[in-house]
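Structure file query_12.cif (mmCIF, C-alpha atoms) is printed below.
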```
data_structure
#
loop_
_atom_site.label_atom_id
_atom_site.label_comp_id
_atom_site.auth_asym_id
_atom_site.auth_seq_id
_atom_site.Cartn_x
_atom_site.Cartn_y
_atom_site.Cartn_z
CA MET A 449 -68.29 60.32 -33.56
CA ASP A 450 -70.22 59.32 -36.60
CA ALA A 451 -67.22 57.63 -38.19
CA GLY A 452 -66.49 55.79 -34.99
CA HIS A 453 -70.04 54.76 -34.73
CA GLU A 454 -70.02 53.50 -38.27
CA ILE A 455 -66.85 51.47 -37.64
CA ARG A 456 -68.36 49.91 -34.53
CA SER A 457 -71.52 49.22 -36.46
CA GLY A 458 -69.45 47.61 -39.19
CA LEU A 459 -67.63 45.41 -36.70
CA THR A 460 -70.88 44.49 -35.03
CA SER A 461 -72.37 43.56 -38.39
CA ALA A 462 -69.30 41.54 -39.30
CA LEU A 463 -69.35 39.68 -35.98
CA PHE A 464 -73.07 39.03 -36.32
CA ALA A 465 -72.51 37.64 -39.82
CA LEU A 466 -69.69 35.42 -38.50
CA VAL A 467 -71.83 34.10 -35.64
CA LEU A 468 -74.70 33.49 -38.04
CA ALA A 469 -72.39 31.65 -40.42
CA VAL A 470 -71.08 29.45 -37.60
CA ALA A 471 -74.63 28.75 -36.48
CA MET A 472 -75.59 27.77 -40.00
CA ILE A 473 -72.57 25.47 -40.25
CA LEU A 474 -73.54 23.81 -36.98
CA LEU A 475 -77.12 23.40 -38.17
CA VAL A 476 -75.85 21.71 -41.29
CA ALA A 477 -73.21 19.63 -39.52
CA SER A 478 -75.47 18.24 -36.77
CA PRO A 479 -77.85 16.31 -39.08
CA ALA A 480 -74.84 15.03 -41.04
CA ARG A 481 -73.22 13.73 -37.86
CA ALA A 482 -76.53 12.22 -36.74
CA ASP A 483 -76.81 10.43 -40.07
CA ALA A 484 -73.25 9.15 -39.77
CA THR A 485 -74.00 7.89 -36.26
CA SER A 486 -77.16 6.08 -37.38
CA ASP A 487 -75.35 4.60 -40.37
CA ALA A 488 -72.55 3.29 -38.15
CA GLU A 489 -75.03 1.74 -35.71
CA ALA A 490 -76.90 0.07 -38.58
CA CYS A 491 -73.57 -1.15 -39.97
CA PHE A 492 -72.64 -2.81 -36.68
CA LEU A 493 -76.05 -4.50 -36.35
CA SER A 494 -75.87 -5.81 -39.90
CA LYS A 495 -72.37 -7.20 -39.48
CA ILE A 496 -73.14 -8.75 -36.09
CA ASN A 497 -76.26 -10.51 -37.38
CA ALA A 498 -74.47 -11.73 -40.50
CA ALA A 499 -71.72 -13.26 -38.33
CA ARG A 500 -74.28 -14.86 -36.01
CA THR A 501 -76.27 -16.29 -38.92
CA ALA A 502 -73.09 -17.86 -40.29
CA THR A 503 -72.64 -19.76 -37.02
CA GLY A 504 -76.29 -20.78 -36.69
CA ALA A 505 -77.05 -18.36 -33.84
CA GLN A 506 -80.28 -16.37 -33.87
CA THR A 507 -80.17 -12.81 -35.14
CA LEU A 508 -80.42 -10.02 -32.57
CA GLN A 509 -83.28 -7.57 -32.27
CA ARG A 510 -82.47 -3.93 -31.57
CA ASP A 511 -83.37 -2.79 -28.05
CA ALA A 512 -84.14 0.94 -28.07
CA SER A 513 -83.63 1.41 -24.32
CA LEU A 514 -80.20 -0.22 -24.33
CA ALA A 515 -79.26 1.69 -27.48
CA GLY A 516 -80.05 4.94 -25.70
CA TYR A 517 -77.77 3.98 -22.82
CA ALA A 518 -75.06 2.81 -25.25
CA ARG A 519 -74.98 6.21 -26.94
CA VAL A 520 -74.62 8.00 -23.61
CA HIS A 521 -71.84 5.62 -22.55
CA SER A 522 -70.01 6.05 -25.86
CA GLN A 523 -70.12 9.84 -25.54
CA ALA A 524 -68.87 9.62 -21.94
CA MET A 525 -65.91 7.49 -23.05
CA ALA A 526 -65.09 10.02 -25.76
CA ALA A 527 -65.19 12.84 -23.21
CA ASP A 528 -62.87 10.87 -20.91
CA GLY A 529 -60.56 9.86 -23.74
CA SER A 530 -60.57 6.16 -22.87
CA ILE A 531 -62.77 3.09 -23.20
CA TYR A 532 -64.19 1.24 -20.21
CA HIS A 533 -67.02 -1.12 -19.36
CA SER A 534 -70.37 -0.54 -17.71
CA SER A 535 -71.60 -2.11 -14.48
CA THR A 536 -74.95 -3.70 -13.72
CA SER A 537 -75.83 -0.69 -11.57
CA ASP A 538 -75.12 1.57 -14.57
CA LEU A 539 -77.46 -0.50 -16.71
CA ALA A 540 -80.16 -1.16 -14.09
CA PRO A 541 -82.52 1.64 -15.25
CA TYR A 542 -82.36 0.30 -18.82
CA LEU A 543 -82.62 -3.46 -18.21
CA PRO A 544 -86.03 -5.19 -18.30
CA ASN A 545 -87.25 -6.97 -15.17
CA ASP A 546 -86.88 -10.38 -16.79
CA TRP A 547 -83.23 -10.04 -17.84
CA VAL A 548 -81.09 -13.15 -17.40
CA MET A 549 -77.67 -12.19 -18.76
CA TRP A 550 -75.97 -9.23 -20.42
CA GLY A 551 -72.62 -8.70 -22.08
CA GLU A 552 -70.78 -5.68 -23.44
CA ASN A 553 -68.25 -4.81 -26.11
CA VAL A 554 -66.73 -1.33 -26.31
CA GLY A 555 -64.30 0.10 -28.82
CA VAL A 556 -62.81 3.17 -30.46
CA GLY A 557 -61.52 3.45 -34.01
CA GLY A 558 -61.93 4.91 -37.46
CA THR A 559 -64.90 3.04 -38.96
CA CYS A 560 -67.52 0.41 -38.27
CA ALA A 561 -65.71 -2.09 -40.50
CA VAL A 562 -62.35 -1.61 -38.75
CA LEU A 563 -63.87 -1.94 -35.28
CA PHE A 564 -65.99 -4.96 -36.20
CA ASP A 565 -62.93 -6.77 -37.57
CA ALA A 566 -61.11 -5.96 -34.32
CA PHE A 567 -63.99 -7.42 -32.27
CA MET A 568 -63.97 -10.61 -34.36
CA ALA A 569 -60.18 -10.90 -34.03
CA SER A 570 -60.43 -10.84 -30.22
CA PRO A 571 -61.56 -14.21 -28.76
CA LEU A 572 -63.38 -12.66 -25.78
CA HIS A 573 -65.18 -10.00 -27.83
CA LYS A 574 -66.08 -12.56 -30.49
CA GLU A 575 -67.48 -14.94 -27.87
CA ILE A 576 -69.83 -12.25 -26.55
CA LEU A 577 -70.82 -11.15 -30.05
CA LEU A 578 -71.73 -14.71 -31.14
CA LYS A 579 -73.14 -16.04 -27.86
CA PRO A 580 -76.26 -18.03 -28.89
CA VAL A 581 -78.38 -17.16 -25.83
CA PHE A 582 -78.41 -13.44 -26.56
CA GLN A 583 -81.61 -12.21 -28.23
CA TYR A 584 -81.29 -8.39 -28.13
CA VAL A 585 -78.63 -5.75 -28.57
CA GLY A 586 -78.35 -2.03 -27.94
CA ILE A 587 -75.73 -0.34 -30.13
CA GLY A 588 -74.60 3.21 -29.48
CA VAL A 589 -72.11 5.24 -31.49
CA TYR A 590 -70.59 8.64 -30.82
CA ILE A 591 -68.41 10.39 -33.40
CA ASP A 592 -66.14 13.06 -31.93
CA GLY A 593 -64.89 16.24 -33.54
CA ASP A 594 -61.93 14.44 -35.10
CA GLY A 595 -64.21 11.88 -36.75
CA THR A 596 -63.16 9.12 -34.36
CA LEU A 597 -65.88 6.55 -33.71
CA TRP A 598 -66.61 5.46 -30.14
CA THR A 599 -69.03 2.58 -29.69
CA THR A 600 -70.78 0.50 -27.03
CA HIS A 601 -72.68 -2.75 -27.68
CA ILE A 602 -74.92 -4.19 -24.94
CA PHE A 603 -76.08 -7.78 -25.55
CA LEU A 604 -79.09 -9.13 -23.65
CA GLN A 605 -80.83 -12.40 -22.82
CA ARG A 606 -84.40 -12.24 -21.50
CA GLN A 607 -86.60 -14.91 -19.92
CA THR A 608 -89.78 -14.01 -21.78
CA ALA A 609 -88.41 -13.80 -25.28
CA THR A 610 -90.57 -15.59 -27.83
CA THR A 611 -88.99 -18.89 -28.83
CA THR A 612 -90.02 -21.89 -30.92
CA THR A 613 -90.26 -25.17 -28.97
CA THR A 614 -91.08 -28.80 -29.75
CA THR A 615 -93.51 -29.21 -26.85
CA PRO A 616 -96.50 -31.27 -28.06
CA PRO A 617 -99.95 -29.67 -28.00
CA ALA A 618 -102.33 -30.28 -25.11
CA THR A 619 -104.34 -32.86 -27.08
CA THR A 620 -102.31 -35.68 -28.62
CA THR A 621 -102.99 -39.05 -30.22
CA THR A 622 -101.69 -41.99 -28.20
CA THR A 623 -101.57 -45.76 -28.56
CA THR A 624 -103.25 -46.40 -25.20
CA PRO A 625 -106.04 -49.00 -25.69
CA PRO A 626 -109.62 -47.85 -25.10
CA ALA A 627 -111.37 -48.52 -21.81
CA THR A 628 -113.42 -51.41 -23.28
CA THR A 629 -111.43 -54.11 -25.06
CA THR A 630 -112.10 -57.55 -26.55
CA THR A 631 -110.43 -60.44 -24.70
CA THR A 632 -110.05 -64.17 -25.34
CA ALA A 633 -111.17 -65.19 -21.86
CA PRO A 634 -113.92 -67.92 -21.96
CA PRO A 635 -117.46 -66.83 -21.10
CA ALA A 636 -118.82 -67.39 -17.57
CA ASN A 637 -120.91 -70.51 -18.50
CA THR A 638 -119.00 -73.21 -20.38
CA THR A 639 -119.52 -76.90 -21.30
CA THR A 640 -117.10 -79.34 -19.63
CA THR A 641 -116.30 -83.05 -20.15
CA THR A 642 -116.61 -84.13 -16.49
CA PRO A 643 -117.87 -87.87 -16.36
CA THR A 644 -121.27 -88.72 -14.84
CA ALA A 645 -121.58 -90.12 -11.30
CA ASN A 646 -123.03 -93.60 -12.28
CA THR A 647 -120.78 -96.08 -14.14
CA THR A 648 -121.11 -99.71 -15.31
CA ASN A 649 -119.13 -102.35 -13.35
#
```

Can you turn what I pasted into structure tokens?
Amino acid sequence: MDAGHEIRSGLTSALFALVLAVAMILLVASPARADATSDAEACFLSKINAARTATGAQTLQRDASLAGYARVHSQAMAADGSIYHSSTSDLAPYLPNDWVMWGENVGVGGTCAVLFDAFMASPLHKEILLKPVFQYVGIGVYIDGDGTLWTTHIFLQRQTATTTTTTPPATTTTTTPPATTTTTAPPANTTTTTPTANTTN
């Protein structure tokens, strides 16, 4: 009885140690994966803005709400084992009220660099990526257990985005003459050369 109890206790201790070790590995692995995800998202944003700058398009600002959706969508694609696009109804809770246009690129591959090159090599993906009217982007990355990178990029145009215009200020200098001007019209009373009524015959 005692020996059996000791063996069971030994197994229990061994299993507990194994579970604890696995838990510790997961605790270490999770921050590492989170860092890799953040690094990949930053990599995509940097490469996208560099490409846009090269073409004269404005750089994109990161939209936190769209990035949150993009991460969820990327993880869902990984779970399904295939890539697919979102719909406006999918995005509705994450889009601002003043949205005008949105576009999406999705992909799966080994690294940020490989996927970005693939986007740029595809005319349709490149067109969305470089579209001048877009002002914001939400980038989401999910890295699965095999290290494969799944990504979703949501591009956005808004009506109320701050832009620089050439509209003149409210007060301007014009060449309109003032209300009172100097004219060359003769004064009201003038001297004329009309002959007198009496003449010599």

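Within the 9 Å cut-off around region 530-542 of chain A, using all atoms listed in the file and omitting residues fewer than 2 positions from it on the same chain, the listed residues are Ser513, Leu514, Gly516, Tyr517, His521, Ser522, Met525, Ala526, Ala527, Asp528, Pro544, Trp550, Glu552, Asn553, Val554, Gly555, Val556, Trp598 and Thr600 of chain A.
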
Which is closest to Cys491 (chain A) among A:Gly551, A:Pro580, A:Leu563, A:Glu575, if we use all atoms listed in the file?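 Selected residue with least distance to Cys491 (chain A): A:Leu563.
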
Spell out the residues picked by the PyMOL selection byres ((chain A and resi 492) around 8) here, as a PDB file with C-alpha atoms, in the coordinates of the input.
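Resulting contents of out_35.pdb:
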```pdb
ATOM      1  CA  ALA A 488     -72.550   3.290 -38.150  1.00  0.00           C
ATOM      2  CA  GLU A 489     -75.030   1.740 -35.710  1.00  0.00           C
ATOM      3  CA  ALA A 490     -76.900   0.070 -38.580  1.00  0.00           C
ATOM      4  CA  CYS A 491     -73.570  -1.150 -39.970  1.00  0.00           C
ATOM      5  CA  LEU A 493     -76.050  -4.500 -36.350  1.00  0.00           C
ATOM      6  CA  SER A 494     -75.870  -5.810 -39.900  1.00  0.00           C
ATOM      7  CA  LYS A 495     -72.370  -7.200 -39.480  1.00  0.00           C
ATOM      8  CA  ILE A 496     -73.140  -8.750 -36.090  1.00  0.00           C
ATOM      9  CA  CYS A 560     -67.520   0.410 -38.270  1.00  0.00           C
ATOM     10  CA  ALA A 561     -65.710  -2.090 -40.500  1.00  0.00           C
ATOM     11  CA  PHE A 564     -65.990  -4.960 -36.200  1.00  0.00           C
ATOM     12  CA  ILE A 587     -75.730  -0.340 -30.130  1.00  0.00           C
TER      13      ILE A 587
END
```

Can you tell me, as AutoDock Vina command-line options, the centre and edge lengths (Å, one decimal) of the axis-aligned box enclosing all of region 508-512 of chain A's listed atoms after padding each side by 6 Å?
```
--center_x -82.3 --center_y -4.5 --center_z -30.3 --size_x 15.7 --size_y 23.0 --size_z 16.5
```

Rounded to one decimal in Å, what is the spacing between CA of Asp483 (chain A) and CA of Ser570 (chain A)? 28.6 Å

Rounded to one decimal, what separation in Å do you get between CA of Val585 (chain A) and CA of Gln509 (chain A)?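 CA of Gln509 (chain A) lies at a distance of 6.2 Å from CA of Val585 (chain A).
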
List the residues selected by the PyMOL selection byres ((chain A and resi 501-506) around 10) in the file shown, writing them as a ChimeraX atom specification. /A:495-500,507-509,578-584

Selected residue, from A:Ile576, A:Val589, A:Arg519, A:Asp487, that lies nearest to Met549 (chain A) when counting only C-alpha atoms: A:Ile576

Go through A:Gly593, A:Arg606, A:Thr559, A:Gly586 one by one, measure the shortest atom-to-atom distance of each to Ala515 (chain A) using all atoms listed in the file, and give the residue with the smallest value.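 Distance minimum relative to Ala515 (chain A) lands on A:Gly586.
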
For CA of Leu543 (chain A) and CA of Leu604 (chain A), the interatomic separation in Å (one decimal):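 Those two atoms sit 8.6 Å apart.
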